[in-house]
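Visitor: The structure that follows is given in the form of structure tokens.
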Amino acid sequence: MSRPKNDTFLRALLKEPTDYTPLWLMRQAGRYLPEYCETRKRAGNFLNLCKTPSLACEVTLQPLARYDLDAAILFSDILTVPDAMGLGLYFAEGEGPKFERPLREEWAINNLSAPDPYEHLGYVMDAVSEIRRALDNSVPLIGFSGSPYTLACYMIEGQGSSDFRHIKGMMYSRPDLLHKILAVTADAVTSYLNAQIDCGAQAVMIFDTWGGSLSAAAYQEFSLAYMQRIVAGLKKEKDGQRIPSIVFTKNGGLWLEKIAAIGCDAVGLDWTIDIGEARRRVGDQVALQGNIDPNVLFGTPETIAAETRKVLDSYGTGNTGHVFNLGHGISQYTPPENVSVLVDTVHAYSRQLRK
Ligand code: CP3
């Protein structure tokens, strides 16, 4: 298999020269797009959308039809993995994700096992294959998973949380139980990502949304160590092509050097860190992905363009090693036309900077 016609995204991750800075947007398929809302309505609800490969494929392609994006990302959710572990995922309207059976009892933790990705998450594998066929080698497809710690937050809290008192309570009373959950989840994530790679994902990303809520020591022990284990277990090549990995810890800027050292190809940055400073800190070790504040998209076209140029200027000179992205997911209230300003500015201005 050859590389996609537009392989700028893969080249930037692998630090090969590119003509411009590639970009994609976290949550690029989502509620800010009217066509997404239409497909979601047809699906009935969000989970049906995730579990129906033809519809997951349809919404994956929607942002690419509108914008000149350099990568597609599998449409799914990080919480399908704990769902496959038997926790019973559901989305209460307007309340976000919840689990019917949060993981708190020792017996339930001892019974936890890593699901077979083909048997229990076959709909994701089918979506990956179908999306790859539909993309027809135009741009690369990104596969993804949540980090073990971030998944454990939802598994133990049973829903989103503002204080994480159940998982942190376990961390500071029965760390052995938390380690058990994280170890099983890390195995689950490793085989899940490797199955996505086998089905056609050309890069993979680990979303660690909540690792940044930990102390420095706890972050290393309970989040980073397990992401390191996953990265070590990932297939590095498929059909002779390197499969790059991206690790994103929201609020992880303080620990950048440590994240960059776990063996991943790229580190995702949220908007709280200056990307130029991040680049000086990690040197040549990894590529960087990020990192404009998603709320910039609520500004005027002029400020969106100016803020976009600021990120590119801050990253600095050179012709590779940067994948432009938002510092976190795009808001559902984003005016779709503002996204065009961002996309076009990244491409035009980064070309100009290379001259
Ligand atoms: O980037 C993409 O386009 C791929 C799709 C994707 C979704 N979720 C679709 C989605 C990805 C990569 C995710 C990851 C995800 N899911 C994370 C990690 C990244 C992050 O944003 O921090 C987390 C923590 C989740 C769990 C989750 N899923 C939450 C908290 C919610 C509710 C959020 C909300 O705004 O209501 C979801 C639902 C979800 N996942 C939506 C989408 C498009 C909105 C669902 C809808 O259509 O109603």
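Residue numbering restarts at 1 in every chain; chains get A, B, ... in the order shown in the structure tokens, and ligands count up from 1 in that same order.
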Within 8 Å of ligand 1, counting only C-alpha atoms and all ligand atoms, which protein or nucleic acid residues do you find, written as number ranges by chain?

Guide: A: 25-31, 36-37, 40, 45-46, 60, 73-79, 91, 93-97, 144-146, 150, 160, 207-210, 250, 328-329, 331-332

Visitor: For segment 54-59 of chain A, find every residue with an atom within 8 Å (counting only C-alpha atoms), except residues of its own chain fewer than 3 positions away, and show them as a list in words.

Guide: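 Non-adjacent residues within range: Ala29, Tyr36, Thr39, Ala43, Leu49, Cys50, Lys51, Gln62, Pro63, Leu74, Phe75, Ser76, Ala127, Val128, Glu130, Ile131 and Ala134 of chain A.
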
Visitor: Keeping C-alpha atoms for every residue in the selection just given, could you write it to a file as an mmCIF file, in the first residue's frame?

Guide:
data_model
loop_
_atom_site.group_PDB
_atom_site.id
_atom_site.type_symbol
_atom_site.label_atom_id
_atom_site.label_comp_id
_atom_site.auth_asym_id
_atom_site.auth_seq_id
_atom_site.Cartn_x
_atom_site.Cartn_y
_atom_site.Cartn_z
ATOM 1 C CA ALA A 29 -17.150 15.867 12.891
ATOM 2 C CA TYR A 36 -23.831 16.059 11.338
ATOM 3 C CA THR A 39 -27.249 12.285 10.262
ATOM 4 C CA ALA A 43 -29.356 7.503 13.650
ATOM 5 C CA LEU A 49 -24.331 6.740 15.203
ATOM 6 C CA CYS A 50 -21.117 5.286 16.649
ATOM 7 C CA LYS A 51 -22.401 1.715 16.339
ATOM 8 C CA GLN A 62 -18.521 15.478 6.318
ATOM 9 C CA PRO A 63 -15.876 17.935 7.549
ATOM 10 C CA LEU A 74 -12.455 7.869 12.870
ATOM 11 C CA PHE A 75 -15.860 8.883 14.166
ATOM 12 C CA SER A 76 -16.399 7.089 17.455
ATOM 13 C CA ALA A 127 -16.159 1.648 10.438
ATOM 14 C CA VAL A 128 -12.362 1.910 10.044
ATOM 15 C CA GLU A 130 -15.366 1.385 5.453
ATOM 16 C CA ILE A 131 -13.850 4.842 5.990
ATOM 17 C CA ALA A 134 -14.415 5.725 1.123
#

Visitor: Separation of atom CA of Ser129 of chain A and atom CA of Leu234 of chain A, in Å?

Guide: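 We find that atom CA of Ser129 of chain A and atom CA of Leu234 of chain A lie 18.8 Å from each other.
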
Visitor: Return the single residue from A:Lys41, A:Lys310, A:His322, A:Arg3 that is closest to Asn137 of chain A, with distances computed using only C-alpha atoms.

Guide: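 With only C-alpha atoms as the atom set, the closest residue is A:Arg3.
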
Visitor: Could you check the closest approach to Gly169 of chain A for each of A:Thr249, A:Met205, A:Glu157, A:Ile304 and tell me which residue wins, using only C-alpha atoms?

Guide: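 Result for the nearest residue to Gly169 of chain A: A:Glu157.
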
Visitor: Within 8 Å of Ala186 of chain A, counting only C-alpha atoms, which residues show up once you throw out same-chain ones fewer than 2 positions away? Write them as a PyMOL selection string, please.

Guide: chain A and resi 147-148+182-184+188-190+226-227+229-230

Visitor: Counting only C-alpha atoms, which of A:Tyr149, A:Val286, A:Gln202, A:Ile273 gets nearest to Glu221 of chain A?

Guide: A:Tyr149

Visitor: Residues near Arg279 of chain A, anyone? I mean within 12 Å using only C-alpha atoms, not counting same-chain ones fewer than 5 positions away, as a list in words.

Guide: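 Residues near the query, excluding close chain neighbours: Gly253, Leu256, Glu257, Ala260, Ala266, Val267, Gly268, Leu269, Ile273, Asp274, Asp284, Gln285, Val286, Ala287, Leu288, Gln289, Gly290, Val311, Leu312, Ser314, Tyr315, Gly316, Thr317, Gly318, Thr320, Gly321 and His322 of chain A.
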
Visitor: Just asking: which residues within segment 78-262 of chain A are strand (DSSP E) according to DSSP, as a compact mmCIF listing (two decimals) with N, CA, C and O atoms, in the first residue's frame?

Guide:
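As a result, states06.txt now contains:
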# COMPACT_ATOMS: atom_id res chain seq x y z
N LEU A 89 -22.66 1.75 28.76
CA LEU A 89 -22.60 3.18 28.42
C LEU A 89 -23.95 3.68 27.92
O LEU A 89 -24.62 3.01 27.15
N TYR A 90 -24.35 4.85 28.39
CA TYR A 90 -25.51 5.52 27.78
C TYR A 90 -25.31 7.03 27.86
O TYR A 90 -24.52 7.53 28.65
N PHE A 91 -25.99 7.71 26.98
CA PHE A 91 -25.91 9.17 26.96
C PHE A 91 -27.27 9.74 27.35
O PHE A 91 -28.23 9.62 26.60
N ALA A 92 -27.35 10.31 28.53
CA ALA A 92 -28.58 10.96 28.96
C ALA A 92 -28.65 12.31 28.24
O ALA A 92 -27.67 13.06 28.26
N GLY A 96 -24.39 14.34 28.90
CA GLY A 96 -23.11 13.70 28.65
C GLY A 96 -23.15 12.22 28.99
O GLY A 96 -24.20 11.68 29.34
N PRO A 97 -22.00 11.55 28.86
CA PRO A 97 -21.95 10.09 29.01
C PRO A 97 -22.12 9.62 30.45
O PRO A 97 -21.67 10.28 31.38
N LYS A 98 -22.74 8.44 30.59
CA LYS A 98 -22.88 7.81 31.92
C LYS A 98 -22.73 6.30 31.78
O LYS A 98 -22.97 5.75 30.72
N PHE A 99 -22.34 5.66 32.89
CA PHE A 99 -22.29 4.20 32.93
C PHE A 99 -23.34 3.67 33.90
O PHE A 99 -23.49 4.20 35.00
N LEU A 141 -6.13 8.33 7.59
CA LEU A 141 -7.15 8.14 8.61
C LEU A 141 -6.48 7.95 9.98
O LEU A 141 -5.60 7.10 10.13
N ILE A 142 -6.93 8.75 10.95
CA ILE A 142 -6.42 8.65 12.32
C ILE A 142 -7.35 7.74 13.13
O ILE A 142 -8.57 7.93 13.12
N GLY A 143 -6.77 6.76 13.81
CA GLY A 143 -7.52 5.97 14.79
C GLY A 143 -7.24 6.54 16.17
O GLY A 143 -6.30 7.31 16.35
N PHE A 144 -8.04 6.20 17.17
CA PHE A 144 -7.78 6.77 18.50
C PHE A 144 -8.35 5.91 19.61
O PHE A 144 -9.16 5.00 19.38
N SER A 145 -7.91 6.26 20.81
CA SER A 145 -8.45 5.66 22.02
C SER A 145 -8.30 6.67 23.15
O SER A 145 -7.51 7.61 23.04
N GLY A 146 -9.02 6.48 24.24
CA GLY A 146 -8.75 7.24 25.45
C GLY A 146 -7.54 6.65 26.16
O GLY A 146 -7.17 5.50 25.90
N ALA A 203 -2.47 6.43 11.49
CA ALA A 203 -1.81 7.08 12.63
C ALA A 203 -2.75 6.83 13.79
O ALA A 203 -3.94 6.58 13.57
N VAL A 204 -2.25 6.88 15.02
CA VAL A 204 -3.15 6.70 16.16
C VAL A 204 -2.88 7.78 17.20
O VAL A 204 -1.75 8.26 17.36
N MET A 205 -3.95 8.15 17.90
CA MET A 205 -3.83 9.19 18.94
C MET A 205 -4.45 8.69 20.24
O MET A 205 -5.51 8.06 20.23
N ILE A 206 -3.77 8.98 21.33
CA ILE A 206 -4.29 8.65 22.67
C ILE A 206 -4.74 9.95 23.33
O ILE A 206 -3.95 10.89 23.49
N PHE A 207 -6.03 10.01 23.69
CA PHE A 207 -6.60 11.20 24.33
C PHE A 207 -6.55 11.04 25.85
O PHE A 207 -7.28 10.21 26.41
N ASP A 208 -5.70 11.84 26.49
CA ASP A 208 -5.63 11.81 27.96
C ASP A 208 -6.22 13.12 28.48
O ASP A 208 -5.50 14.04 28.86
N GLU A 237 4.58 -0.44 12.23
CA GLU A 237 4.55 -0.43 10.76
C GLU A 237 3.41 -1.27 10.24
O GLU A 237 3.07 -2.28 10.84
N LYS A 238 2.87 -0.84 9.12
CA LYS A 238 1.86 -1.66 8.43
C LYS A 238 2.12 -1.49 6.93
O LYS A 238 2.23 -0.36 6.46
N GLN A 241 4.71 0.92 5.89
CA GLN A 241 4.58 2.34 6.27
C GLN A 241 4.63 2.48 7.79
O GLN A 241 3.97 1.70 8.49
N ARG A 242 5.37 3.46 8.26
CA ARG A 242 5.42 3.72 9.69
C ARG A 242 4.06 4.26 10.17
O ARG A 242 3.45 5.09 9.49
N SER A 245 2.36 7.67 16.28
CA SER A 245 1.45 7.78 17.43
C SER A 245 1.55 9.18 18.03
O SER A 245 2.63 9.79 18.07
N ILE A 246 0.40 9.68 18.49
CA ILE A 246 0.31 11.01 19.09
C ILE A 246 -0.26 10.86 20.49
O ILE A 246 -1.27 10.18 20.67
N VAL A 247 0.37 11.49 21.47
CA VAL A 247 -0.13 11.44 22.84
C VAL A 247 -0.53 12.85 23.26
O VAL A 247 0.27 13.79 23.15
N PHE A 248 -1.78 12.98 23.70
CA PHE A 248 -2.31 14.29 24.08
C PHE A 248 -2.79 14.26 25.53
O PHE A 248 -3.76 13.57 25.84
N THR A 249 -2.07 14.93 26.41
CA THR A 249 -2.56 15.12 27.78
C THR A 249 -3.02 16.56 27.90
O THR A 249 -2.20 17.48 27.82

Visitor: Between A:Ile275, A:Leu297, A:Leu121, A:Val346, which is the closest to Arg309 of chain A once you count only C-alpha atoms?

Guide: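 Using only C-alpha atoms, Arg309 of chain A sits closest to A:Val346.
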
Visitor: Applying 10 Å and only C-alpha atoms, which residues near Pro4 of chain A remain after dropping the ones on its own chain fewer than 6 positions away? List them as a PyMOL selection string.

Guide: chain A and resi 10+71+135-141+202

Visitor: Show which residues sit within 8 Å of Gly263 of chain A, as a list in words. Count only C-alpha atoms, and ignore same-chain residues fewer than 5 positions away.

Guide: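 So, after excluding close chain neighbours, the residues are Gln228, Val231 and Ala232 of chain A.
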